[in-house]
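Engineer: File data23.txt below, compact mmCIF, C-alpha atoms and all ligand atoms:
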# COMPACT_ATOMS: atom_id res chain seq x y z
CA MET A 1 0.00 0.00 0.00
CA ALA A 2 1.20 3.51 -0.68
CA THR A 3 1.68 5.90 2.20
CA ILE A 4 -0.98 8.42 3.17
CA VAL A 5 0.48 9.89 6.31
CA PRO A 6 4.17 10.58 6.70
CA PRO A 7 5.95 9.20 9.74
CA VAL A 8 5.18 11.02 12.96
CA THR A 9 6.60 14.54 13.05
CA GLN A 10 9.81 14.79 15.03
CA ASP A 11 8.81 17.74 17.20
CA GLY A 12 5.42 16.21 17.94
CA THR A 13 3.71 19.58 17.65
CA SER A 14 2.61 20.18 14.07
CA SER A 15 -0.77 18.61 13.44
CA ARG A 16 -2.14 17.21 10.22
CA GLY A 17 -5.62 17.17 11.69
CA PRO A 18 -8.46 17.52 12.02
CA THR A 19 -9.16 13.86 11.43
CA ALA A 20 -12.74 12.61 11.22
CA MET A 21 -13.23 9.25 12.92
CA VAL A 22 -16.41 7.72 11.50
CA PHE A 23 -17.89 4.78 13.41
CA MET A 24 -19.84 2.57 10.99
CA ASN A 25 -22.43 0.14 12.22
CA MET A 26 -25.92 -1.11 11.40
CA GLY A 27 -27.69 1.00 14.02
CA GLY A 28 -31.01 0.28 15.61
CA PRO A 29 -34.29 2.01 16.32
CA SER A 30 -33.98 4.34 19.34
CA THR A 31 -37.76 4.12 19.92
CA THR A 32 -40.38 1.55 18.94
CA ASP A 33 -41.83 4.12 16.49
CA GLU A 34 -38.61 3.88 14.46
CA VAL A 35 -38.80 0.09 14.02
CA GLY A 36 -40.80 0.30 10.76
CA ASP A 37 -38.25 2.59 9.07
CA PHE A 38 -35.35 0.53 10.43
CA LEU A 39 -36.73 -2.71 9.00
CA SER A 40 -37.74 -1.17 5.69
CA ARG A 41 -34.17 0.08 5.15
CA LEU A 42 -32.81 -3.29 6.23
CA PHE A 43 -35.00 -5.27 3.81
CA ALA A 44 -34.22 -2.78 1.03
CA ASP A 45 -30.48 -3.56 1.34
CA ALA A 46 -29.56 -5.99 -1.41
CA ASP A 47 -26.10 -6.43 0.11
CA LEU A 48 -27.77 -7.93 3.20
CA ILE A 49 -30.95 -9.48 1.83
CA PRO A 50 -30.81 -9.92 -1.95
CA LEU A 51 -34.35 -10.23 -3.27
CA GLY A 52 -33.48 -9.59 -6.91
CA ARG A 53 -35.89 -7.70 -9.13
CA LEU A 54 -38.58 -8.07 -6.47
CA GLN A 55 -36.59 -6.16 -3.83
CA SER A 56 -38.61 -2.95 -4.08
CA TYR A 57 -41.86 -4.92 -3.83
CA LEU A 58 -40.96 -7.69 -1.36
CA GLY A 59 -38.74 -5.56 0.90
CA PRO A 60 -41.52 -3.22 2.14
CA LEU A 61 -43.96 -6.14 2.33
CA ILE A 62 -41.75 -8.28 4.56
CA SER A 63 -40.68 -5.36 6.72
CA ARG A 64 -44.29 -4.24 7.30
CA ARG A 65 -45.27 -7.76 8.27
CA ARG A 66 -42.32 -8.12 10.64
CA THR A 67 -42.66 -4.72 12.33
CA PRO A 68 -45.16 -5.57 15.14
CA LYS A 69 -43.14 -8.61 16.28
CA ILE A 70 -39.85 -6.69 16.34
CA GLN A 71 -41.52 -3.67 17.99
CA LYS A 72 -42.53 -5.96 20.86
CA GLN A 73 -38.93 -7.12 21.22
CA TYR A 74 -37.63 -3.55 21.41
CA ALA A 75 -40.41 -2.68 23.87
CA ALA A 76 -39.27 -5.62 26.02
CA ILE A 77 -35.70 -4.27 26.23
CA GLY A 78 -36.76 -0.81 27.37
CA GLY A 79 -38.29 0.73 24.24
CA GLY A 80 -35.35 0.94 21.86
CA SER A 81 -31.84 -0.06 20.91
CA PRO A 82 -28.99 1.38 23.02
CA ILE A 83 -26.63 1.27 20.03
CA ARG A 84 -26.72 5.00 19.31
CA LYS A 85 -25.95 5.90 22.90
CA TRP A 86 -23.04 3.45 23.02
CA SER A 87 -21.63 4.39 19.60
CA GLU A 88 -21.65 8.10 20.44
CA TYR A 89 -20.03 7.43 23.81
CA GLN A 90 -17.39 5.03 22.47
CA SER A 91 -16.43 7.27 19.53
CA SER A 92 -16.11 10.43 21.57
CA GLU A 93 -14.15 8.73 24.37
CA MET A 94 -11.87 7.16 21.77
CA CYS A 95 -11.23 10.56 20.16
CA LYS A 96 -10.22 12.05 23.52
CA ILE A 97 -7.59 9.31 23.88
CA LEU A 98 -6.41 9.81 20.30
CA ASP A 99 -5.97 13.56 20.86
CA ARG A 100 -3.61 12.65 23.66
CA ILE A 101 -1.63 9.84 22.01
CA SER A 102 -1.63 11.11 18.43
CA PRO A 103 -1.21 14.91 18.47
CA GLU A 104 0.04 14.70 14.85
CA THR A 105 -3.45 13.86 13.60
CA ALA A 106 -5.43 15.84 16.22
CA PRO A 107 -8.05 17.06 16.71
CA HIS A 108 -9.97 13.82 16.16
CA LYS A 109 -13.66 14.42 15.57
CA PRO A 110 -16.17 11.64 16.27
CA TYR A 111 -18.94 10.80 13.81
CA VAL A 112 -21.41 7.93 13.67
CA ALA A 113 -22.82 6.51 10.42
CA PHE A 114 -25.53 3.88 10.68
CA ARG A 115 -26.69 1.74 7.80
CA TYR A 116 -30.37 1.40 8.80
CA ALA A 117 -31.11 4.03 11.48
CA ASP A 118 -30.32 7.65 12.33
CA PRO A 119 -27.71 9.02 11.93
CA LEU A 120 -27.64 7.54 8.41
CA THR A 121 -24.55 7.68 6.22
CA GLU A 122 -25.88 10.66 4.22
CA GLU A 123 -26.55 12.61 7.42
CA MET A 124 -23.02 11.91 8.67
CA TYR A 125 -21.57 12.95 5.28
CA ALA A 126 -23.54 16.21 5.25
CA ARG A 127 -22.24 16.95 8.75
CA LEU A 128 -18.68 16.23 7.66
CA LEU A 129 -19.02 18.73 4.80
CA ASP A 130 -20.70 21.31 7.08
CA ASP A 131 -17.84 20.93 9.53
CA GLY A 132 -15.38 21.95 6.81
CA PHE A 133 -14.12 18.58 5.58
CA GLY A 134 -14.00 18.48 1.79
CA LYS A 135 -12.84 22.12 1.64
CA GLY A 136 -9.33 23.49 1.19
CA LYS A 137 -7.05 20.49 1.29
CA GLY A 138 -10.02 18.18 1.75
CA GLY A 139 -9.12 16.68 5.07
CA ARG A 140 -8.86 13.15 6.22
CA ALA A 141 -11.57 10.78 7.37
CA VAL A 142 -11.27 7.25 8.69
CA ALA A 143 -14.17 4.85 8.23
CA PHE A 144 -13.87 2.64 11.30
CA THR A 145 -16.11 -0.42 11.18
CA GLN A 146 -17.54 -1.38 14.52
CA TYR A 147 -17.95 -4.98 13.39
CA PRO A 148 -14.61 -6.50 14.51
CA GLN A 149 -15.03 -9.33 11.96
CA TYR A 150 -15.56 -8.47 8.30
CA SER A 151 -18.62 -9.64 6.40
CA CYS A 152 -19.77 -8.36 3.03
CA SER A 153 -23.27 -8.27 4.53
CA THR A 154 -22.26 -5.87 7.32
CA THR A 155 -19.04 -3.86 6.87
CA GLY A 156 -19.18 -4.45 3.10
CA SER A 157 -22.69 -3.03 2.95
CA SER A 158 -21.70 0.02 5.03
CA LEU A 159 -18.73 0.66 2.74
CA ASN A 160 -20.90 0.33 -0.36
CA GLU A 161 -23.22 2.93 1.16
CA LEU A 162 -20.35 5.24 2.09
CA TRP A 163 -18.90 4.94 -1.41
CA LYS A 164 -22.35 5.74 -2.91
CA TRP A 165 -22.69 8.94 -0.86
CA ARG A 166 -19.08 9.90 -1.54
CA MET A 167 -19.85 9.76 -5.27
CA ARG A 168 -23.14 11.63 -4.90
CA LEU A 169 -21.91 14.38 -2.60
CA GLU A 170 -18.34 14.84 -3.75
CA GLY A 171 -18.46 13.88 -7.41
CA LYS A 172 -16.59 11.24 -9.33
CA GLY A 173 -12.88 12.13 -9.36
CA ALA A 174 -11.17 10.65 -6.37
CA HIS A 175 -7.80 12.26 -6.43
CA GLU A 176 -8.19 16.03 -6.62
CA ASP A 177 -7.57 18.52 -3.83
CA GLY A 178 -10.66 19.57 -1.99
CA LYS A 179 -12.04 16.07 -1.59
CA ILE A 180 -12.09 14.12 1.61
CA MET A 181 -9.38 11.50 1.67
CA TRP A 182 -10.80 8.31 3.10
CA SER A 183 -9.11 5.33 4.66
CA VAL A 184 -10.77 2.29 6.18
CA ILE A 185 -10.32 0.16 9.28
CA ASP A 186 -12.13 -2.82 7.83
CA ARG A 187 -11.48 -5.54 10.45
CA TRP A 188 -9.75 -6.06 13.77
CA PRO A 189 -10.80 -9.55 14.91
CA VAL A 190 -7.76 -10.42 17.02
CA HIS A 191 -6.65 -7.04 18.29
CA HIS A 192 -5.08 -7.67 21.72
CA GLY A 193 -7.18 -5.00 23.43
CA LEU A 194 -10.42 -6.36 21.98
CA VAL A 195 -9.40 -9.85 23.10
CA GLU A 196 -8.50 -8.54 26.56
CA ALA A 197 -11.85 -6.75 26.92
CA PHE A 198 -13.78 -9.90 25.99
CA ALA A 199 -11.61 -12.07 28.25
CA GLN A 200 -12.12 -9.77 31.25
CA ASN A 201 -15.89 -9.93 30.85
CA VAL A 202 -15.74 -13.73 30.69
CA GLU A 203 -13.53 -13.88 33.78
CA GLN A 204 -15.90 -11.61 35.65
CA GLN A 205 -18.82 -13.95 34.94
CA LEU A 206 -16.73 -17.06 35.76
CA GLU A 207 -16.09 -15.59 39.21
CA THR A 208 -19.82 -15.86 39.98
CA TYR A 209 -19.65 -19.70 40.04
CA PRO A 210 -18.60 -21.70 43.12
CA VAL A 211 -14.88 -22.32 42.90
CA GLU A 212 -15.24 -26.12 42.55
CA ARG A 213 -17.49 -25.73 39.46
CA LYS A 214 -15.58 -22.92 37.76
CA LYS A 215 -13.28 -24.94 35.51
CA ASP A 216 -16.13 -27.04 34.13
CA VAL A 217 -18.29 -24.12 33.04
CA VAL A 218 -18.74 -24.33 29.25
CA LEU A 219 -18.02 -21.10 27.39
CA LEU A 220 -20.47 -20.66 24.50
CA PHE A 221 -19.36 -17.96 22.12
CA SER A 222 -22.33 -16.75 20.10
CA ALA A 223 -22.23 -14.76 16.86
CA HIS A 224 -24.97 -13.63 14.47
CA SER A 225 -25.32 -16.35 11.85
CA LEU A 226 -25.00 -16.01 8.06
CA PRO A 227 -27.08 -17.62 5.32
CA MET A 228 -25.14 -20.55 3.79
CA SER A 229 -25.37 -18.77 0.41
CA VAL A 230 -23.18 -15.99 1.88
CA VAL A 231 -20.79 -18.47 3.53
CA ASN A 232 -20.44 -20.40 0.27
CA ARG A 233 -19.82 -17.20 -1.68
CA GLY A 234 -16.60 -16.99 0.33
CA ASP A 235 -17.46 -14.49 3.05
CA THR A 236 -14.59 -14.11 5.52
CA TYR A 237 -16.78 -13.60 8.61
CA PRO A 238 -16.99 -17.20 9.91
CA ALA A 239 -13.20 -17.59 9.86
CA GLU A 240 -12.65 -14.19 11.48
CA VAL A 241 -15.21 -14.87 14.22
CA ALA A 242 -13.45 -18.18 14.90
CA ALA A 243 -10.14 -16.29 15.08
CA THR A 244 -11.54 -13.97 17.77
CA VAL A 245 -12.85 -16.94 19.75
CA TYR A 246 -9.51 -18.73 19.56
CA ALA A 247 -7.61 -15.60 20.61
CA VAL A 248 -9.90 -15.08 23.62
CA MET A 249 -9.43 -18.73 24.63
CA GLN A 250 -5.68 -18.38 24.24
CA ARG A 251 -5.74 -15.33 26.50
CA LEU A 252 -7.78 -17.35 29.04
CA GLY A 253 -5.18 -20.13 28.89
CA PHE A 254 -7.82 -22.54 27.57
CA SER A 255 -9.11 -22.71 31.13
CA ASN A 256 -12.54 -24.04 30.12
CA PRO A 257 -14.17 -26.13 27.40
CA TYR A 258 -15.81 -23.96 24.74
CA ARG A 259 -17.85 -23.92 21.53
CA LEU A 260 -18.77 -21.35 18.92
CA CYS A 261 -22.43 -21.24 17.90
CA TRP A 262 -24.57 -18.99 15.75
CA GLN A 263 -27.75 -17.07 16.50
CA SER A 264 -30.56 -14.93 15.04
CA GLN A 265 -31.17 -16.63 11.73
CA VAL A 266 -34.15 -15.19 9.86
CA GLY A 267 -36.37 -16.81 7.22
CA PRO A 268 -36.55 -20.28 5.71
CA SER A 269 -33.17 -20.60 3.93
CA ALA A 270 -30.20 -22.59 5.28
CA TRP A 271 -28.02 -20.71 7.78
CA LEU A 272 -24.69 -21.49 9.41
CA GLY A 273 -25.12 -23.57 12.60
CA ALA A 274 -25.15 -24.94 15.18
CA GLN A 275 -27.77 -22.56 16.45
CA THR A 276 -27.20 -20.99 19.86
CA SER A 277 -30.68 -21.84 21.16
CA ASP A 278 -30.33 -25.52 20.14
CA THR A 279 -26.82 -25.67 21.60
CA VAL A 280 -27.97 -24.43 25.02
CA GLY A 281 -30.98 -26.79 24.90
CA GLU A 282 -28.80 -29.81 24.04
CA TYR A 283 -26.18 -29.13 26.70
CA VAL A 284 -28.77 -28.54 29.40
CA LYS A 285 -30.44 -31.81 28.37
CA LYS A 286 -27.07 -33.56 28.72
CA GLY A 287 -26.82 -32.19 32.26
CA GLN A 288 -24.33 -29.42 31.46
CA THR A 289 -26.13 -26.57 33.18
CA ASP A 290 -23.19 -24.25 33.83
CA LEU A 291 -22.85 -22.25 30.62
CA ILE A 292 -21.71 -18.72 29.85
CA LEU A 293 -22.98 -17.18 26.61
CA ILE A 294 -20.51 -14.70 25.14
CA PRO A 295 -21.71 -12.38 22.35
CA ILE A 296 -18.54 -12.20 20.24
CA ALA A 297 -19.47 -10.38 17.00
CA PHE A 298 -21.09 -7.22 18.29
CA THR A 299 -19.55 -4.66 20.61
CA SER A 300 -22.63 -3.27 22.36
CA ASP A 301 -26.01 -4.50 23.53
CA HIS A 302 -28.85 -4.96 21.08
CA ILE A 303 -32.01 -7.09 20.82
CA GLU A 304 -29.94 -10.15 20.13
CA THR A 305 -28.27 -9.95 23.54
CA LEU A 306 -30.94 -8.25 25.63
CA TYR A 307 -33.92 -10.04 24.11
CA GLU A 308 -32.88 -13.20 22.26
CA LEU A 309 -30.17 -14.35 24.68
CA ASP A 310 -31.42 -12.93 28.00
CA GLN A 311 -35.18 -13.20 27.59
CA GLU A 312 -35.46 -16.22 25.29
CA VAL A 313 -32.44 -18.56 25.37
CA ILE A 314 -31.43 -18.08 29.02
CA HIS A 315 -35.00 -17.85 30.26
CA GLU A 316 -35.98 -21.03 28.40
CA ALA A 317 -32.93 -22.89 29.72
CA GLY A 318 -34.54 -22.42 33.13
CA HIS A 319 -31.32 -22.94 35.07
CA PRO A 320 -29.44 -20.39 37.16
CA GLY A 321 -26.10 -21.73 35.90
CA VAL A 322 -26.83 -20.46 32.38
CA LYS A 323 -25.54 -16.88 32.24
CA ARG A 324 -24.23 -14.28 29.80
CA ALA A 325 -21.01 -12.28 29.72
CA GLU A 326 -21.60 -8.55 29.61
CA SER A 327 -21.34 -6.81 26.23
CA LEU A 328 -18.37 -4.49 25.76
CA ASN A 329 -20.49 -1.30 25.85
CA GLY A 330 -18.59 1.27 27.96
CA SER A 331 -15.70 -1.01 29.00
CA PRO A 332 -12.62 1.25 29.45
CA VAL A 333 -10.38 -1.60 28.25
CA PHE A 334 -12.46 -1.77 25.08
CA ILE A 335 -12.31 1.98 24.51
CA GLU A 336 -8.52 1.91 24.94
CA ALA A 337 -8.53 -0.92 22.37
CA LEU A 338 -10.52 1.20 19.90
CA ALA A 339 -7.99 3.99 20.32
CA ASP A 340 -5.11 1.59 19.74
CA VAL A 341 -6.70 0.13 16.60
CA ALA A 342 -7.20 3.68 15.28
CA PHE A 343 -3.72 4.84 16.32
CA THR A 344 -2.06 1.91 14.59
CA HIS A 345 -4.11 2.58 11.46
CA LEU A 346 -3.32 6.32 11.43
CA ARG A 347 0.40 5.54 11.66
CA SER A 348 0.35 2.69 9.15
CA GLY A 349 -0.30 4.92 6.17
CA GLU A 350 -2.53 2.21 4.71
CA SER A 351 -5.84 2.95 3.05
CA CYS A 352 -7.29 -0.39 4.18
CA SER A 353 -6.17 -3.95 4.92
CA ARG A 354 -4.57 -6.07 2.19
CA GLN A 355 -7.51 -8.41 2.55
CA MET A 356 -10.02 -5.70 1.54
CA GLY A 357 -8.75 -5.66 -2.02
CA LEU A 358 -9.77 -9.26 -2.70
CA ARG A 359 -13.40 -9.93 -3.52
CA CYS A 360 -15.24 -13.07 -2.46
CA GLN A 361 -14.67 -15.87 -4.95
CA GLY A 362 -18.40 -15.96 -5.67
CA CYS A 363 -18.93 -12.17 -5.81
CA LYS A 364 -20.89 -10.92 -8.82
CA SER A 365 -21.52 -7.41 -7.50
CA GLU A 366 -20.35 -4.44 -9.57
CA LYS A 367 -20.89 -2.30 -6.49
CA CYS A 368 -18.37 -4.33 -4.47
CA LEU A 369 -15.89 -4.03 -7.31
CA GLU A 370 -16.23 -0.24 -7.64
CA GLN A 371 -16.27 0.32 -3.88
CA LYS A 372 -13.11 -1.70 -3.39
CA LYS A 373 -11.36 0.04 -6.27
CA PHE A 374 -12.21 3.37 -4.67
CA PHE A 375 -11.10 2.62 -1.11
CA VAL A 376 -7.99 0.66 -2.10
CA GLY A 377 -7.13 3.43 -4.58
CA GLN A 378 -7.39 6.18 -1.96
CA SER A 379 -3.84 5.47 -0.87
CA ASN A 380 -2.47 6.59 -4.23
CA SER A 381 -4.02 10.04 -3.97
CA LEU A 382 -1.73 11.28 -1.24
CA SER A 383 1.16 8.99 -1.89
CA LEU A 384 4.33 10.60 -0.68
CA ARG A 385 6.45 8.33 -2.80
C1 LIG B 401 -22.09 -9.25 13.05
C2 LIG B 401 -23.32 -9.06 13.15
C3 LIG B 401 -24.35 -9.32 12.15
C4 LIG B 401 -24.31 -10.04 10.94
C5 LIG B 401 -23.16 -10.77 10.32
C6 LIG B 401 -25.62 -9.97 10.39
C7 LIG B 401 -26.01 -10.57 9.19
C8 LIG B 401 -27.32 -10.65 8.73
N1 LIG B 401 -28.46 -10.18 9.34
C9 LIG B 401 -29.56 -10.44 8.57
C10 LIG B 401 -30.90 -10.08 8.84
C11 LIG B 401 -31.33 -9.33 9.94
N2 LIG B 401 -30.58 -8.85 10.96
C12 LIG B 401 -31.37 -8.14 11.83
C13 LIG B 401 -31.01 -7.51 12.99
C14 LIG B 401 -29.69 -7.46 13.48
N3 LIG B 401 -28.56 -7.97 12.87
C15 LIG B 401 -27.47 -7.74 13.66
C16 LIG B 401 -26.13 -8.09 13.42
C17 LIG B 401 -25.69 -8.82 12.30
N4 LIG B 401 -26.40 -9.22 11.21
C18 LIG B 401 -27.93 -7.03 14.82
C19 LIG B 401 -27.04 -6.55 15.94
C20 LIG B 401 -29.30 -6.86 14.70
C21 LIG B 401 -30.24 -6.19 15.71
C22 LIG B 401 -30.10 -4.72 15.81
C23 LIG B 401 -30.44 -4.22 17.18
O1 LIG B 401 -30.85 -4.93 18.04
O2 LIG B 401 -30.33 -3.05 17.44
C24 LIG B 401 -32.70 -8.14 11.34
C25 LIG B 401 -33.87 -7.36 11.96
C26 LIG B 401 -34.52 -8.03 13.08
C27 LIG B 401 -35.45 -9.10 12.58
O3 LIG B 401 -36.27 -8.81 11.72
O4 LIG B 401 -35.30 -10.23 13.06
C28 LIG B 401 -32.70 -8.89 10.16
C29 LIG B 401 -33.85 -9.17 9.26
C30 LIG B 401 -29.08 -11.11 7.41
C31 LIG B 401 -29.99 -11.58 6.28
C32 LIG B 401 -27.71 -11.23 7.51
C33 LIG B 401 -26.72 -11.82 6.58
C34 LIG B 401 -26.80 -11.86 5.31
S1 LIG B 402 -19.86 -10.23 -1.89
FE1 LIG B 402 -17.94 -10.34 -0.93
S2 LIG B 402 -16.77 -8.96 -2.21
FE2 LIG B 402 -18.74 -8.82 -3.10
FE FE B 403 -28.56 -9.33 11.24
Just dump the structure as structure tokens.
Ligand SMILES: C=CC1=C(C)c2cc3[nH]c(cc4nc(cc5[nH]c(cc1n2)c(C)c5CCC(=O)O)C(CCC(=O)O)=C4C)c(C)c3C=C
Ligand code: FES
Ligand SMILES: [Fe+2]

Structural biologist:
Amino acid sequence: MATIVPPVTQDGTSSRGPTAMVFMNMGGPSTTDEVGDFLSRLFADADLIPLGRLQSYLGPLISRRRTPKIQKQYAAIGGGSPIRKWSEYQSSEMCKILDRISPETAPHKPYVAFRYADPLTEEMYARLLDDGFGKGKGGRAVAFTQYPQYSCSTTGSSLNELWKWRMRLEGKGAHEDGKIMWSVIDRWPVHHGLVEAFAQNVEQQLETYPVERKKDVVLLFSAHSLPMSVVNRGDTYPAEVAATVYAVMQRLGFSNPYRLCWQSQVGPSAWLGAQTSDTVGEYVKKGQTDLILIPIAFTSDHIETLYELDQEVIHEAGHPGVKRAESLNGSPVFIEALADVAFTHLRSGESCSRQMGLRCQGCKSEKCLEQKKFFVGQSNSLSLR
């Protein structure tokens, strides 16, 4: 990759900032009234749910039919998703740390761009432009995915959306002055700070068991599943989730037996298993009633932890030994990890990971191709070589 940012300035005083730090995630409805819009955007996303030529007809139909059920789930977790609150908190706390440890790129300004809920990507982009990015020398922005493990259905979809709004709001040419220069943190599945934050939450929950039972508690890592069509297309997510799990177990010294299982499948097609709910059911049936569920592919709470795991899976297990590790949410260790991921990226001079340039073996999407060309190519625009 060509270099974007020169090595750190010797005197440590001159800044190349401001640097926009854009947290990308799917988002969630903050109130039950927003569930309809959230689902209609979600079912309109062909990168997540490809419905072919019928997308614009079937998408709204399915989302309308699903809305009451999902509204009830959000009502049951307090009336909305906490993801906006956590994303705004995590991004602004991370920027405070970055201002301290990376004065060369300061000030760091936090932004949030959600794929299916406010603040949407276009709202974030308009704010960036209002704040003066895209003027003068253009300025630098980092798209920082909040999915630690890359999937074309999650981070890929967010990048396709970002690329679309970049083209709409800043025109076609990617290399002139006056345009925002983007780089991407596209995955960080085994970052030591992320692993440490997960491991500490597991240890905390392990401490709640009587000492003689502790080493036999089964650790059940649970990640959102993927349709087998996406897995077979070559999506990297299952392997990256497994890498996170293995790194957390390594950090724990393989103190306990563990499994990785998959949750939240939707619709009738085949999805990657074993399913989390079946896994818990089977183990409990076998007499293994000390289990800790560990949400491993999402960094804050959402209906899949607060509703599906806490109120369905754990409730149905009907045993006090079945528990859940806390989500990362406001964990200071996690926020330090975010800052370290960003710091390393800002210093690396890379526009994205090497892995980002390679499409899935089964990818037929022109959008993926163009998006990848754009983000990989961003490094050439400010090449110092
Ligand atoms: C890493 C996390 C996630 C992956 C991978 C993922 C893939 C994926 N999801 C769907 C379909 C739906 N997902 C829905 C909600 C939802 N998805 C995730 C995370 C991942 N999805 C989260 C955290 C949430 C909940 C948001 C919140 O609580 O705030 C939904 C909507 C809910 C429902 O109708 O059941 C759908 C639909 C597909 C098809 C897919 C992979 C292709
Ligand atoms: S679907 Fe993976 S690169 Fe297009
Ligand atoms: Fe999902």

Engineer: Please provide the set of residues having any atom within 8 Å of stretch 353-366 of chain A, restricted to only C-alpha atoms, with same-chain residues fewer than 3 positions apart removed, written as a short mmCIF file (atom, residue, chain, number, x, y, z; two decimals) with C-alpha atoms, in the coordinates of the input.

Structural biologist:
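Written out: selection-v8.cif:
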data_model
loop_
_atom_site.label_atom_id
_atom_site.label_comp_id
_atom_site.auth_asym_id
_atom_site.auth_seq_id
_atom_site.Cartn_x
_atom_site.Cartn_y
_atom_site.Cartn_z
CA MET A 1 0.00 0.00 0.00
CA VAL A 184 -10.77 2.29 6.18
CA ILE A 185 -10.32 0.16 9.28
CA ASP A 186 -12.13 -2.82 7.83
CA ARG A 187 -11.48 -5.54 10.45
CA ASN A 232 -20.44 -20.40 0.27
CA ARG A 233 -19.82 -17.20 -1.68
CA GLY A 234 -16.60 -16.99 0.33
CA ASP A 235 -17.46 -14.49 3.05
CA GLU A 350 -2.53 2.21 4.71
CA LEU A 369 -15.89 -4.03 -7.31
CA GLU A 370 -16.23 -0.24 -7.64
CA LYS A 372 -13.11 -1.70 -3.39
CA LYS A 373 -11.36 0.04 -6.27
CA VAL A 376 -7.99 0.66 -2.10
#

Engineer: Write out, as a Markdown table, each residue of chain A that has an atom at most 8 Å from ligand LIG 401 (chain B), together with the closest pair of atoms and their distance in Å to one decimal, counting only C-alpha atoms and all ligand atoms, rows going by chain and rising number.

Structural biologist:
| residue | atom | partner | partner_atom | distance |
| --- | --- | --- | --- | --- |
| A:Met26 | CA | B:LIG401 | C22 | 7.1 |
| A:Gly27 | CA | B:LIG401 | O2 | 5.9 |
| A:Gly28 | CA | B:LIG401 | O2 | 3.9 |
| A:Pro29 | CA | B:LIG401 | O2 | 6.5 |
| A:Leu39 | CA | B:LIG401 | C25 | 6.2 |
| A:Leu42 | CA | B:LIG401 | C29 | 6.7 |
| A:Phe43 | CA | B:LIG401 | C29 | 6.8 |
| A:Asp47 | CA | B:LIG401 | C34 | 7.6 |
| A:Leu48 | CA | B:LIG401 | C34 | 4.6 |
| A:Ile49 | CA | B:LIG401 | C31 | 5.0 |
| A:Ser63 | CA | B:LIG401 | O3 | 7.5 |
| A:Arg66 | CA | B:LIG401 | O3 | 6.2 |
| A:Thr67 | CA | B:LIG401 | O3 | 7.6 |
| A:Ile70 | CA | B:LIG401 | O3 | 6.2 |
| A:Tyr74 | CA | B:LIG401 | O1 | 7.7 |
| A:Gly80 | CA | B:LIG401 | O2 | 7.8 |
| A:Ser81 | CA | B:LIG401 | O2 | 4.8 |
| A:Pro82 | CA | B:LIG401 | O2 | 7.2 |
| A:Ile83 | CA | B:LIG401 | O2 | 6.2 |
| A:Tyr147 | CA | B:LIG401 | C1 | 6.0 |
| A:Gln149 | CA | B:LIG401 | C1 | 7.1 |
| A:Ser151 | CA | B:LIG401 | C5 | 6.1 |
| A:Ser153 | CA | B:LIG401 | C34 | 5.1 |
| A:Thr154 | CA | B:LIG401 | C5 | 5.8 |
| A:Ala223 | CA | B:LIG401 | C1 | 6.7 |
| A:His224 | CA | B:LIG401 | C3 | 4.9 |
| A:Ser225 | CA | B:LIG401 | C5 | 6.2 |
| A:Leu226 | CA | B:LIG401 | C33 | 4.8 |
| A:Pro227 | CA | B:LIG401 | C34 | 5.8 |
| A:Val230 | CA | B:LIG401 | C34 | 6.5 |
| A:Tyr237 | CA | B:LIG401 | C5 | 7.2 |
| A:Ser264 | CA | B:LIG401 | O4 | 7.0 |
| A:Gln265 | CA | B:LIG401 | C9 | 7.1 |
| A:Val266 | CA | B:LIG401 | O4 | 6.0 |
| A:Ala297 | CA | B:LIG401 | C1 | 4.9 |
| A:Phe298 | CA | B:LIG401 | C1 | 5.7 |
| A:Asp301 | CA | B:LIG401 | O1 | 7.3 |
| A:His302 | CA | B:LIG401 | O1 | 3.6 |
| A:Ile303 | CA | B:LIG401 | O1 | 3.7 |
| A:Glu304 | CA | B:LIG401 | O1 | 5.7 |
| A:Thr305 | CA | B:LIG401 | O1 | 7.9 |

Engineer: What's the 12 Å shell around stretch 120-131 of chain A, counting only C-alpha atoms, without same-chain residues fewer than 3 positions away, as a PyMOL selection string?

Structural biologist: chain A and resi 18-29+37-38+41+84+109-117+134-136+138-143+157-170+178-180+182

Engineer: I want to know what sits within 10 Å of A:Glu308, based on all atoms listed in the file, with residues of the same chain fewer than 5 positions away left out; could you give that as a list in words?

Structural biologist: Gln73, Gln263, Ser264, Thr276, Ser277, His302, Ile303, Val313, Ile314 and His315 of chain A

Engineer: Counting only C-alpha atoms, which residue out of A:Leu291, A:Val280, A:Val195, A:Val231 sits closest to A:Val248?

Structural biologist: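 Using only C-alpha atoms, the shortest distance to A:Val248 belongs to A:Val195.
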
Engineer: Rounded to one decimal, what separation in Å do you get between atom CA of A:Ala274 and atom CA of A:Gly318?

Structural biologist: 20.4 Å

Engineer: Go ahead and compute the interatomic distance for atom CA of A:Asp278 and atom CA of A:Phe254, in Å to one decimal.

Structural biologist: 23.9 Å

Engineer: For ligand LIG 402 (chain B), which of A:Gly330, A:Gly156, A:Gly132, A:Pro103 is the closest residue, counting only C-alpha atoms and all ligand atoms?

Structural biologist: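 Residue with the minimum atom-to-atom distance to ligand LIG 402 (chain B): A:Gly156.
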
Engineer: When you draw a straight line from atom S2 of ligand LIG 402 (chain B) to atom CA of A:Cys152, how long is it in Å?

Structural biologist: 6.1 Å

Engineer: Pick from A:Gly171, A:Pro60, A:Gly78, A:Gly267: nearest to ligand FE 403 (chain B), with all atoms listed in the file counted?

Structural biologist: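 Checking each candidate against ligand FE 403 (chain B), we get A:Gly267 as the closest.
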
Engineer: Of the residues A:Leu51, A:Trp271, A:Leu58, A:Ala247, which is the one nearest to ligand FE 403 (chain B), using all atoms listed in the file?

Structural biologist: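 Under the stated criterion, the closest residue is A:Trp271.
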